[in-house]
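Everything on this sheet refers to the single structure shown next.
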Amino acid sequence: MTGQNPSRAVGFSSIRNWDLWTLRPAALSYFFLVESAVAAVSIWLLTSLGTVSDADWLRFGAVMFAITVHLMIVRRAEESRRDESAGPHIDLTSVWTFAAAIALPGALAVLATIWMRILIQPIARRQPHRFVFSSASILGGTLLAWLVVHLSGLSLLATGSILPDLGLVLVLIVAAVVNWGAQGMNIAVALKIVTPHTRIKEFLGSRADNMLELSTLGAGAMLGMLMTTHWIGPLLLVFPVVLVNSLLYRATERRAHLERLLREQEQLQARLAEDAHTDYRTGLLNTNGLAEYGARLAERCRRDSQPVTVLAIDLDHFKRINDTWGHPAGNAVLAEVGRILREKLRPGDVAGRDGGEEFVVVLADTGLAQGTAIAERVREAIGEMSVVTTDKHRNTVTLRGRNLPLTADGPEVRSISASIGVAVMPDDGDCLLEAQHCADAALYTAKENGRNQVRVSAGEIRVLPAPRLDGGVEEAREQAEATRSA
């Protein structure tokens with residue numbers, strides 16, 4: 001079992017970038033305490049190397065060979081598994097270290113564990129201080145398991161008696177649990193000290209990972225018992241362990257592939273949902289999105305007893321723009337109006353295109369006075385637009401708002417303005433649909449009274465400013481007709 005996250009820098013050449021210098025004093029003290037204790041016990045055991053028998057050296061050589069072959073073959077696979085691991089990484093090296101703790105003297109168990117960590121360093125790619133602490137945790141767990149087995153006084157050879165043999169099984173189970181628990185808890189406590197806000201159980205790995213570790217320790221227990229009578233045991237087990245490692249690697253790759261497919265599917269669904277609610281020409285909500293998000297916003301404000309202002313916006317004489325300069329010019333105007341609405345409105349407001357040249361805006365927590373002021377700012381911005389586009393013959397033309405002064409291009413280019421109707425919930429209805437109908441009625445009033453103005457529902461009229469009559473002879477005639485009919 002190793003640490004949770006890879007380090008930002010690896011190697012002694014970047015000592016200044018180590019996370020070690022940013023750790024709390026409590027973490028440094030804990031690291032030093034654990035490493036010192038493990039180093040002291042290891043050095044004490046290594047002083048007994050002179051008493052090791054030839055049979056133990058033979059078993060030790062077989063374990064060292066198995067460790068070397070195993071880690072050399074699976075190096076690439078283990079690197080990929082570590083990269084894909086979201087939490088603590090569980091490998092299969094415990095089968096060798098636990099077997100060494102059972103069948104070898106303490107000094108040789110220390111050497112086997114150190115050799116395993118030396119070989120795994122290029123795979124782990126950890127900053128040296130983190131790698132040393134992880135190695136001390138693993139070595140400490142191995143020594144505790146060795147202590148449980150050898151202090152029990154039970155023979156590792158089969159006796160043919162039920163109670164002694166069952167007692168040996170119990171001792172090996174206790175040793176495995178001690179080994180697993182000591183490593184996991186030591187890493188978890190260290191990470192808890194480093195990141196106090198995180199719960200310890202988040203560092204202990206998933207249930208599947210820990211079941212894999214316990215199964216590996218079980219295989220190590222069987223190998224340790226085999227090694228007591230047959231030194232060749234590690235050589236027989238190395239290739240099955242490599243095969244299991246390969247299967248784990250393939251399973252990890254498959255899981256990572258499925259997770260990537262799932263993420264891509266979720267992203268695709270999110271894009272489809274967004275496209276289903278978005279008007280591609282303006283970037284605003286379409287009719288469906290406006291009905292869903294606008295109604296949701298209105299209902300939230302109703303529950304909170306907050307007013308909601310609804311703006312119904314319609315571009316004046318938009319059909320004339322399409323007929324005179326073509327649909328590409330009209331589309332360019334719509335896109336520019338969409339940009340203006342996104343810029344003028346607040347992040348929590350809802351704006352959408354309700355078909356053709358009509359737009360609807362829902363303003364959260366906004367009363368009549370503020371809503372009318374926002375409507376006027378939008379009207380002024382649309383009346384001051386300047387859109388560079390092409391006409392029916394692909395000639396460049398600049399369409400300008402009716403609020404802009406005349407230029408040498410001629411009055412016919414000043415063709416963009418908007419009429420806006422304003423309604424407020426709950427005064428003009430208890431739901432969005434009712435308020436929208438009232439805003440539409442105010443919009444029609446603005447159209448009938450000359451366009452390019454803001455009108456408020458319920459008969460309250462606010463013309464800001466008076467309609468302009470310099471948009472061409474045809475527009476003046478239409479306004480005169482509207483005045484006579486009124």
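Order determines the names: the first chain of the structure tokens is A, the second B, and so forth; residues in each chain are numbered 1 upward, and ligands are numbered 1 upward as they are shown.
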Contacts of His230 in chain A within 12 Å, only C-alpha atoms, excl. fewer than 6 positions in-chain, as a compact mmCIF listing (two decimals) with all heavy atoms, in the first residue's frame:
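So result.txt came out as:
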# COMPACT_ATOMS: atom_id res chain seq x y z
N ALA A 55 20.61 -22.59 4.87
CA ALA A 55 19.27 -22.83 4.33
C ALA A 55 18.48 -21.52 4.23
O ALA A 55 17.76 -21.28 3.26
CB ALA A 55 18.52 -23.84 5.20
N ASP A 56 18.65 -20.66 5.25
CA ASP A 56 17.96 -19.37 5.20
C ASP A 56 18.49 -18.50 4.08
O ASP A 56 17.72 -17.78 3.42
CB ASP A 56 18.11 -18.65 6.55
CG ASP A 56 17.27 -19.29 7.64
OD1 ASP A 56 16.22 -19.85 7.31
OD2 ASP A 56 17.66 -19.21 8.82
N LEU A 58 19.61 -19.57 1.30
CA LEU A 58 19.08 -20.13 0.07
C LEU A 58 17.64 -19.65 -0.15
O LEU A 58 17.26 -19.26 -1.27
CB LEU A 58 19.13 -21.67 0.13
CG LEU A 58 18.86 -22.41 -1.18
CD1 LEU A 58 19.88 -22.01 -2.25
CD2 LEU A 58 18.92 -23.93 -0.94
N ARG A 59 16.84 -19.68 0.91
CA ARG A 59 15.47 -19.16 0.79
C ARG A 59 15.48 -17.67 0.46
O ARG A 59 14.67 -17.19 -0.34
CB ARG A 59 14.72 -19.39 2.12
CG ARG A 59 14.56 -20.85 2.51
CD ARG A 59 13.67 -20.96 3.74
NE ARG A 59 13.66 -22.33 4.26
CZ ARG A 59 14.41 -22.77 5.25
NH1 ARG A 59 15.24 -21.93 5.87
NH2 ARG A 59 14.34 -24.02 5.66
N PHE A 60 16.41 -16.95 1.09
CA PHE A 60 16.52 -15.51 0.84
C PHE A 60 16.87 -15.24 -0.62
O PHE A 60 16.29 -14.34 -1.25
CB PHE A 60 17.59 -14.93 1.77
CG PHE A 60 17.93 -13.49 1.47
CD1 PHE A 60 17.06 -12.47 1.79
CD2 PHE A 60 19.14 -13.16 0.88
CE1 PHE A 60 17.38 -11.14 1.53
CE2 PHE A 60 19.47 -11.85 0.60
CZ PHE A 60 18.60 -10.83 0.94
N ALA A 62 16.17 -17.11 -3.20
CA ALA A 62 15.00 -17.40 -4.03
C ALA A 62 13.98 -16.25 -3.97
O ALA A 62 13.39 -15.86 -4.98
CB ALA A 62 14.35 -18.71 -3.59
N VAL A 63 13.77 -15.69 -2.75
CA VAL A 63 12.85 -14.57 -2.61
C VAL A 63 13.36 -13.35 -3.37
O VAL A 63 12.59 -12.66 -4.07
CB VAL A 63 12.64 -14.23 -1.12
CG1 VAL A 63 11.87 -12.93 -0.97
CG2 VAL A 63 11.88 -15.35 -0.43
N ALA A 103 9.04 -16.89 6.92
CA ALA A 103 10.00 -17.98 6.72
C ALA A 103 11.45 -17.59 6.93
O ALA A 103 12.33 -18.47 7.00
CB ALA A 103 9.84 -18.56 5.32
N LEU A 157 5.99 -26.06 10.61
CA LEU A 157 5.83 -27.36 9.98
C LEU A 157 4.54 -28.01 10.46
O LEU A 157 4.11 -27.82 11.60
CB LEU A 157 7.02 -28.26 10.30
CG LEU A 157 8.39 -27.73 9.85
CD1 LEU A 157 9.49 -28.68 10.33
CD2 LEU A 157 8.44 -27.59 8.34
N MET A 222 0.80 -18.67 2.58
CA MET A 222 1.01 -20.01 2.03
C MET A 222 2.43 -20.17 1.49
O MET A 222 3.05 -21.22 1.67
CB MET A 222 -0.02 -20.28 0.94
CG MET A 222 -1.43 -20.43 1.47
SD MET A 222 -2.63 -20.93 0.20
CE MET A 222 -2.72 -19.42 -0.76
N LEU A 223 2.93 -19.13 0.84
CA LEU A 223 4.30 -19.20 0.33
C LEU A 223 5.30 -19.31 1.48
O LEU A 223 6.27 -20.07 1.40
CB LEU A 223 4.61 -17.96 -0.52
CG LEU A 223 6.04 -17.83 -1.03
CD1 LEU A 223 6.41 -19.03 -1.91
CD2 LEU A 223 6.24 -16.53 -1.79
N GLY A 224 5.08 -18.56 2.56
CA GLY A 224 5.98 -18.64 3.70
C GLY A 224 6.02 -20.03 4.31
O GLY A 224 7.11 -20.53 4.67
N LEU A 236 8.44 -20.99 -7.92
CA LEU A 236 7.22 -21.56 -8.46
C LEU A 236 6.08 -20.53 -8.51
O LEU A 236 5.20 -20.60 -9.36
CB LEU A 236 6.77 -22.76 -7.62
CG LEU A 236 7.74 -23.95 -7.57
CD1 LEU A 236 7.22 -25.01 -6.61
CD2 LEU A 236 7.94 -24.54 -8.96
Requested in this report: Give the helix (DSSP H, G or I) residues of range 84-219 of chain A, as DSSP finds them on the backbone, and put them as a VMD selection string.
Outcome: chain A and resid 84 94 to 103 106 to 124 128 to 151 162 to 194 200 to 203 207 to 219
Report task. Find the spatial neighbours of Ile313 in chain A, counting only C-alpha atoms, within a cut-off of 9 Å - ignore same-chain residues fewer than 4 positions away - and output them as a PyMOL selection string. Result -> chain A and resi 357-361+375+379+418-422+439-440+443
Store the residues picked out above, limited to C-alpha atoms, as a PDB file, in the first residue's frame.
ATOM      1  CA  GLU A 357     -37.336  38.784 -33.933  1.00  0.00           C
ATOM      2  CA  GLU A 358     -39.018  38.491 -30.519  1.00  0.00           C
ATOM      3  CA  PHE A 359     -37.111  38.175 -27.250  1.00  0.00           C
ATOM      4  CA  VAL A 360     -38.217  37.616 -23.660  1.00  0.00           C
ATOM      5  CA  VAL A 361     -36.237  38.551 -20.557  1.00  0.00           C
ATOM      6  CA  ALA A 375     -35.573  47.848 -20.408  1.00  0.00           C
ATOM      7  CA  ARG A 379     -33.616  49.707 -25.924  1.00  0.00           C
ATOM      8  CA  ALA A 418     -36.721  47.800 -30.603  1.00  0.00           C
ATOM      9  CA  SER A 419     -40.027  48.160 -28.808  1.00  0.00           C
ATOM     10  CA  ILE A 420     -40.258  46.751 -25.296  1.00  0.00           C
ATOM     11  CA  GLY A 421     -43.183  45.859 -23.077  1.00  0.00           C
ATOM     12  CA  VAL A 422     -42.745  45.567 -19.297  1.00  0.00           C
ATOM     13  CA  ALA A 439     -45.748  42.297 -21.310  1.00  0.00           C
ATOM     14  CA  ASP A 440     -46.838  41.363 -24.843  1.00  0.00           C
ATOM     15  CA  LEU A 443     -45.330  45.686 -26.380  1.00  0.00           C
TER      16      LEU A 443
END
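For the set A:Val350, A:Leu315, A:Ile123, A:Val387, the residue with the smallest atom-to-atom gap to Pro328 in chain A is A:Val387, counting only C-alpha atoms.
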